[in-house]
file protein-v2.cif (mmCIF, C-alpha atoms)
data_my_file
#
loop_
_atom_site.label_atom_id
_atom_site.label_comp_id
_atom_site.auth_asym_id
_atom_site.auth_seq_id
_atom_site.Cartn_x
_atom_site.Cartn_y
_atom_site.Cartn_z
CA MET A 1 -27.88 6.89 10.10
CA ASP A 2 -24.20 6.10 10.63
CA TRP A 3 -22.39 6.79 7.36
CA THR A 4 -19.15 5.08 8.38
CA VAL A 5 -19.92 1.75 6.68
CA PRO A 6 -21.22 3.12 3.33
CA GLY A 7 -18.53 5.82 3.35
CA GLY A 8 -15.80 3.26 3.97
CA LEU A 9 -17.22 0.97 1.28
CA ALA A 10 -17.21 3.79 -1.29
CA ALA A 11 -13.71 4.97 -0.32
CA GLY A 12 -12.25 1.47 -0.54
CA LEU A 13 -13.95 0.81 -3.88
CA LEU A 14 -12.78 4.01 -5.57
CA ILE A 15 -9.22 3.95 -4.25
CA ALA A 16 -8.60 0.26 -4.99
CA THR A 17 -9.95 0.60 -8.53
CA VAL A 18 -7.36 3.29 -9.28
CA THR A 19 -4.37 1.82 -7.43
CA ALA A 20 -4.63 -1.93 -8.14
CA PRO A 21 -3.48 -1.68 -11.78
CA VAL A 22 -0.01 -0.48 -10.72
CA GLY A 23 0.35 -2.76 -7.69
CA VAL A 24 -0.03 -0.03 -5.07
CA SER A 25 -2.31 -1.00 -2.22
CA GLY A 26 -5.15 1.47 -1.73
CA ALA A 27 -4.17 1.59 1.94
CA VAL A 28 -1.44 4.13 1.18
CA PHE A 29 -4.14 6.64 0.20
CA LEU A 30 -6.87 5.34 2.50
CA LEU A 31 -4.88 6.01 5.68
CA PRO A 32 -5.17 9.85 5.57
CA ILE A 33 -8.93 9.48 5.02
CA GLU A 34 -9.22 7.19 8.02
CA LEU A 35 -7.32 9.71 10.14
CA SER A 36 -8.98 12.94 8.97
CA VAL A 37 -12.48 11.89 7.89
CA PHE A 38 -13.34 8.85 10.00
CA GLY A 39 -11.30 9.89 13.03
CA VAL A 40 -9.59 6.54 13.64
CA PRO A 41 -7.16 7.02 16.56
CA ASN A 42 -3.46 6.26 16.56
CA PRO A 43 -2.05 3.62 16.42
CA ALA A 44 -5.29 1.74 15.67
CA VAL A 45 -5.31 3.29 12.20
CA SER A 46 -2.34 1.11 11.19
CA ALA A 47 -4.13 -2.07 12.23
CA THR A 48 -7.28 -0.89 10.43
CA ASN A 49 -5.25 -0.36 7.27
CA LEU A 50 -3.76 -3.84 7.49
CA LEU A 51 -7.29 -5.23 7.94
CA PHE A 52 -8.27 -3.41 4.74
CA ASN A 53 -5.39 -5.06 2.89
CA VAL A 54 -6.35 -8.53 4.12
CA VAL A 55 -9.98 -8.18 3.01
CA ALA A 56 -9.32 -6.27 -0.22
CA GLY A 57 -6.24 -8.15 -1.45
CA PRO A 58 -7.85 -11.30 -2.86
CA GLY A 59 -9.92 -9.32 -5.38
CA ALA A 60 -7.01 -8.12 -7.50
CA LEU A 61 -4.91 -11.21 -6.83
CA TRP A 62 -7.64 -13.56 -8.05
CA ARG A 63 -7.99 -11.58 -11.26
CA TYR A 64 -4.22 -11.45 -11.84
CA ARG A 65 -3.95 -15.17 -11.20
CA ARG A 66 -6.79 -15.87 -13.60
CA ASP A 67 -5.04 -13.80 -16.28
CA GLY A 68 -1.75 -15.65 -15.68
CA ALA A 69 0.04 -12.53 -14.43
CA LEU A 70 0.83 -13.90 -10.97
CA HIS A 71 3.76 -16.19 -11.71
CA GLY A 72 7.52 -16.34 -11.25
CA ASP A 73 9.59 -15.96 -8.09
CA LEU A 74 9.38 -12.18 -7.67
CA ALA A 75 6.37 -12.43 -5.33
CA ARG A 76 8.13 -15.09 -3.22
CA ARG A 77 11.23 -12.92 -2.81
CA LEU A 78 9.19 -9.90 -1.81
CA VAL A 79 7.24 -11.87 0.78
CA LEU A 80 10.40 -13.38 2.29
CA GLY A 81 11.79 -9.90 2.91
CA THR A 82 8.71 -7.93 3.90
CA LEU A 83 7.19 -10.53 6.24
CA PRO A 84 9.80 -10.26 9.04
CA GLY A 85 10.10 -6.53 8.42
CA VAL A 86 6.43 -5.83 8.96
CA VAL A 87 6.50 -7.65 12.32
CA LEU A 88 9.30 -5.38 13.51
CA GLY A 89 7.51 -2.35 12.10
CA ALA A 90 4.34 -3.22 14.01
CA ALA A 91 6.24 -3.28 17.30
CA ILE A 92 8.00 0.01 16.53
CA ARG A 93 4.68 1.64 15.64
CA VAL A 94 3.05 0.73 18.96
CA PHE A 95 5.90 1.31 21.38
CA ALA A 96 8.05 4.00 19.75
CA LEU A 97 5.82 6.17 17.52
CA PRO A 98 2.43 6.63 19.20
CA GLY A 99 2.14 10.44 18.87
CA PRO A 100 -0.02 11.94 16.10
CA ASP A 101 2.55 14.63 15.20
CA VAL A 102 5.30 12.07 14.69
CA PHE A 103 2.90 9.88 12.73
CA ARG A 104 1.87 12.76 10.44
CA LEU A 105 5.53 13.54 9.82
CA LEU A 106 6.10 9.90 8.94
CA ILE A 107 3.19 10.02 6.48
CA ALA A 108 4.66 13.12 4.83
CA THR A 109 8.13 11.56 4.69
CA LEU A 110 6.76 8.51 2.93
CA LEU A 111 4.19 10.07 0.63
CA LEU A 112 6.24 13.00 -0.69
CA PRO A 113 9.12 10.94 -2.11
CA LEU A 114 6.70 8.29 -3.37
CA GLY A 115 4.56 10.87 -5.13
CA LEU A 116 7.48 12.74 -6.65
CA TRP A 117 9.00 9.46 -7.85
CA LEU A 118 5.78 8.45 -9.58
CA CYS A 119 5.39 11.87 -11.19
CA LEU A 120 8.96 11.96 -12.47
CA ARG A 121 8.71 8.45 -13.89
CA ALA A 122 5.41 9.34 -15.57
CA LEU A 123 6.75 12.54 -17.14
CA ALA A 124 10.13 11.16 -18.21
CA PRO A 125 10.43 10.11 -21.85
CA ALA A 126 9.98 6.40 -22.37
CA ARG A 127 13.23 4.52 -22.87
CA HIS A 128 13.78 1.17 -24.47
CA ARG A 129 15.60 -1.11 -22.04
CA PRO A 130 16.49 -4.79 -22.20
CA PRO A 131 14.16 -7.03 -20.13
CA SER A 132 16.87 -7.63 -17.49
CA ALA A 133 17.78 -3.93 -17.03
CA GLY A 134 15.87 -3.50 -13.80
CA GLU A 135 16.66 -6.85 -12.22
CA LEU A 136 18.08 -6.91 -8.70
CA ALA A 137 20.26 -9.62 -7.19
CA PRO A 138 18.22 -11.93 -4.92
CA ARG A 139 19.99 -10.77 -1.75
CA THR A 140 19.63 -7.11 -2.68
CA LEU A 141 15.93 -7.57 -3.41
CA THR A 142 15.36 -9.40 -0.11
CA GLY A 143 17.26 -6.72 1.84
CA LEU A 144 15.29 -3.96 0.18
CA ALA A 145 12.06 -5.81 0.91
CA LEU A 146 13.07 -6.15 4.58
CA VAL A 147 13.65 -2.40 4.98
CA VAL A 148 10.42 -1.55 3.17
CA GLY A 149 8.60 -4.14 5.28
CA VAL A 150 9.63 -2.33 8.48
CA VAL A 151 8.42 0.98 7.09
CA GLY A 152 5.26 -0.64 5.78
CA GLY A 153 4.53 -2.23 9.14
CA ILE A 154 4.80 1.16 10.84
CA TYR A 155 2.66 2.84 8.20
CA GLY A 156 0.08 0.06 7.94
CA ILE A 157 0.44 -0.65 4.22
CA GLY A 158 2.20 -4.02 4.26
CA GLY A 159 5.30 -2.92 2.33
CA GLY A 160 4.40 -4.04 -1.17
CA SER A 161 2.94 -0.63 -1.96
CA LEU A 162 6.37 0.94 -1.57
CA LEU A 163 8.27 -1.83 -3.35
CA GLY A 164 6.06 -1.57 -6.43
CA PRO A 165 7.02 2.01 -7.38
CA ILE A 166 10.68 1.34 -6.58
CA LEU A 167 10.87 -1.71 -8.84
CA VAL A 168 8.89 -0.09 -11.64
CA GLY A 169 11.14 2.95 -11.34
CA ARG A 170 14.13 0.68 -11.93
CA GLY A 171 12.61 -0.44 -15.20
CA LEU A 172 10.68 -3.62 -14.44
CA PRO A 173 7.35 -3.79 -16.28
CA VAL A 174 4.21 -2.88 -14.34
CA ALA A 175 2.51 -6.05 -15.56
CA ARG A 176 5.12 -8.10 -13.70
CA VAL A 177 5.57 -5.94 -10.61
CA ALA A 178 1.92 -5.16 -9.81
CA PRO A 179 0.77 -8.73 -9.01
CA ALA A 180 3.94 -9.49 -7.00
CA ALA A 181 3.70 -6.26 -4.99
CA LEU A 182 0.05 -6.89 -4.16
CA ALA A 183 0.86 -10.48 -3.17
CA ALA A 184 3.54 -9.21 -0.77
CA THR A 185 1.16 -6.62 0.63
CA PHE A 186 -1.53 -9.22 1.21
CA ALA A 187 0.81 -11.76 2.82
CA THR A 188 2.45 -9.27 5.16
CA SER A 189 -0.84 -7.63 6.07
CA LEU A 190 -1.92 -10.90 7.63
CA VAL A 191 0.58 -9.97 10.33
CA GLY A 192 -1.90 -7.26 11.33
CA ALA A 193 -3.06 -9.81 13.91
CA ALA A 194 0.10 -8.85 15.81
CA TYR A 195 -1.59 -5.60 16.74
CA ALA A 196 -4.25 -7.52 18.64
CA LEU A 197 -1.51 -9.30 20.62
CA LEU A 198 0.38 -6.06 21.27
CA SER A 199 -2.83 -4.51 22.60
CA LEU A 200 -2.59 -6.87 25.58
CA VAL A 201 0.54 -5.08 26.79
CA SER A 202 -0.18 -1.57 25.51
CA SER A 203 -2.38 1.06 27.15
CA GLY A 204 -3.19 2.81 23.86
CA GLU A 205 -5.91 2.15 21.28
CA VAL A 206 -4.21 -0.53 19.20
CA ALA A 207 -6.97 -2.84 17.93
CA PRO A 208 -8.38 -2.00 14.47
CA ASP A 209 -11.70 -0.30 13.82
CA TRP A 210 -13.35 -3.53 12.72
CA TRP A 211 -16.47 -2.12 11.07
CA LEU A 212 -14.59 0.53 9.11
CA GLY A 213 -11.80 -1.85 8.13
CA LEU A 214 -14.25 -4.47 6.90
CA ALA A 215 -16.32 -1.89 5.01
CA CYS A 216 -13.26 -0.38 3.31
CA GLY A 217 -11.92 -3.86 2.63
CA THR A 218 -15.14 -5.01 0.99
CA GLY A 219 -15.07 -1.98 -1.29
CA GLY A 220 -11.40 -2.66 -1.99
CA LEU A 221 -12.16 -6.30 -2.79
CA ILE A 222 -14.49 -5.20 -5.59
CA GLY A 223 -12.35 -2.27 -6.67
CA GLY A 224 -9.18 -4.36 -6.75
CA TYR A 225 -10.78 -6.89 -9.07
CA LEU A 226 -12.03 -4.12 -11.36
CA GLY A 227 -8.65 -2.38 -11.38
CA ALA A 228 -6.77 -5.58 -12.20
CA ARG A 229 -9.22 -6.32 -14.98
CA LEU A 230 -8.82 -2.81 -16.42
CA GLN A 231 -5.01 -2.78 -16.25
CA PRO A 232 -4.37 -3.73 -19.91
CA ARG A 233 -6.77 -0.99 -21.07
CA LEU A 234 -5.56 1.93 -18.90
CA PRO A 235 -2.95 4.47 -20.07
CA GLU A 236 -0.03 3.71 -17.78
CA ARG A 237 1.60 7.14 -17.89
CA ALA A 238 -1.60 9.01 -16.99
CA LEU A 239 -2.35 6.61 -14.14
CA ARG A 240 1.14 6.95 -12.64
CA LEU A 241 0.93 10.72 -12.87
CA LEU A 242 -2.46 10.70 -11.12
CA LEU A 243 -1.15 8.55 -8.29
CA GLY A 244 1.99 10.63 -7.96
CA THR A 245 0.06 13.89 -7.82
CA LEU A 246 -2.32 12.52 -5.18
CA ALA A 247 0.49 11.14 -3.02
CA THR A 248 2.47 14.39 -3.26
CA ALA A 249 -0.56 16.49 -2.32
CA LEU A 250 -1.38 14.33 0.68
CA GLY A 251 2.23 14.29 1.83
CA ALA A 252 2.44 18.10 1.57
CA LEU A 253 -0.80 18.46 3.53
CA TYR A 254 0.44 16.38 6.45
CA ALA A 255 3.84 18.08 6.38
CA ALA A 256 2.09 21.45 6.69
CA GLN A 257 -0.06 20.19 9.56
CA THR A 258 3.02 18.91 11.38
CA LEU A 259 4.88 22.22 10.99
CA ASN A 260 1.87 24.15 12.25
#
call {"tool": "encode", "arguments": {"input": "protein-v2.cif", "output": "structure tokens"}}
result
Amino acid sequence: MDWTVPGGLAAGLLIATVTAPVGVSGAVFLLPIELSVFGVPNPAVSATNLLFNVVAGPGALWRYRRDGALHGDLARRLVLGTLPGVVLGAAIRVFALPGPDVFRLLIATLLLPLGLWLCLRALAPARHRPPSAGELAPRTLTGLALVVGVVGGIYGIGGGSLLGPILVGRGLPVARVAPAALAATFATSLVGAAYALLSLVSSGEVAPDWWLGLACGTGGLIGGYLGARLQPRLPERALRLLLGTLATALGALYAAQTLN
């Protein structure tokens, strides 16, 4: 019996349950599993990850919307920046970064700083800041979202997963950032259809692994809803430390593989 579908379902469920409460798409941790365990080729793994985001995203978003957490203009600003960025990132991923060694190095470059950031923020003593302490000017936020969108498009995570830790690290509350970051990830991941168009002019394996992406996404749909529902009950510091440790370990693993 082919274990790809049940394995993808379980992986998406577990990862999304843990990551949804802090607004980090499970795709950031699912991608190494797709590469190493399921053997998804490059650059099809990026399109598969974006497919996961599209299918899984509505679970957490529906719960956040129901709880009244998805409001304000933060989500709109993030989408306006990441949407054009992810289109450019998709093109760069297909035509400029097709090799597995370069891609592993990119994974390490992204995951190591992200993991260390989360760990440091989790271990640092809590500080009392005014509500506006972490606010960014609209143009600065849009510019940051654009840059992250390009990186997210290359990596296959939509961009919101990187913006979330950055904004929380600046002092914005997780309860505000998480829904907005997931909304940006979901909106920009819809651009994953660009990979299907790019496959018409590329000789590589660009189209997503549909069965695996749908299986992981279905698990993520359920897990995202559960994670969003559990957010008010989870210890924030312990969850951030867990995510940071996992991201750092995965980044170090791929860095070692690239050097070898």
call {"tool": "atom_distance", "arguments": {"input": "protein-v2.cif", "atom1": "atom CA of Gly160 of chain A", "atom2": "atom CA of Leu259 of chain A"}}
result
28.9 Å
call {"tool": "atom_distance", "arguments": {"input": "protein-v2.cif", "atom1": "atom CA of Val40 of chain A", "atom2": "atom CA of Leu118 of chain A"}}
result
27.9 Å
call {"tool": "closest_residue", "arguments": {"input": "protein-v2.cif", "among": "A:Ile92, A:Val45, A:Leu246, A:Val22", "to": "Pro232 of chain A", "atoms": "all atoms listed in the file"}}
result
A:Val22
call {"tool": "axis_aligned_box", "arguments": {"input": "protein-v2.cif", "around": "segment 134-147 of chain A", "padding_each_side": "4 Å", "output": "JSON"}}
result
{"center_x": 16.2, "center_y": -7.2, "center_z": -4.4, "size_x": 16.2, "size_y": 17.5, "size_z": 26.8}
call {"tool": "atom_distance", "arguments": {"input": "protein-v2.cif", "atom1": "atom CA of Gly115 of chain A", "atom2": "atom CA of Gly169 of chain A"}}
result
12.0 Å
call {"tool": "resolve_selection", "arguments": {"input": "protein-v2.cif", "expression": "the PyMOL selection byres ((chain A and resi 81) around 12)", "output": "number ranges by chain"}}
result
A: 74-80, 82-88, 138-150, 152, 158-160, 163, 181, 184-185, 187-188
call {"tool": "residues_around", "arguments": {"input": "protein-v2.cif", "residues": "Ser161 of chain A", "least_positions_apart": "2", "cutoff": "12 Å", "atoms": "only C-alpha atoms", "output": "PyMOL selection string"}}
result
chain A and resi 16+19-29+53+57+78+82+110-111+114+145+148-149+151-153+155-159+163-168+177-186+188-189+243
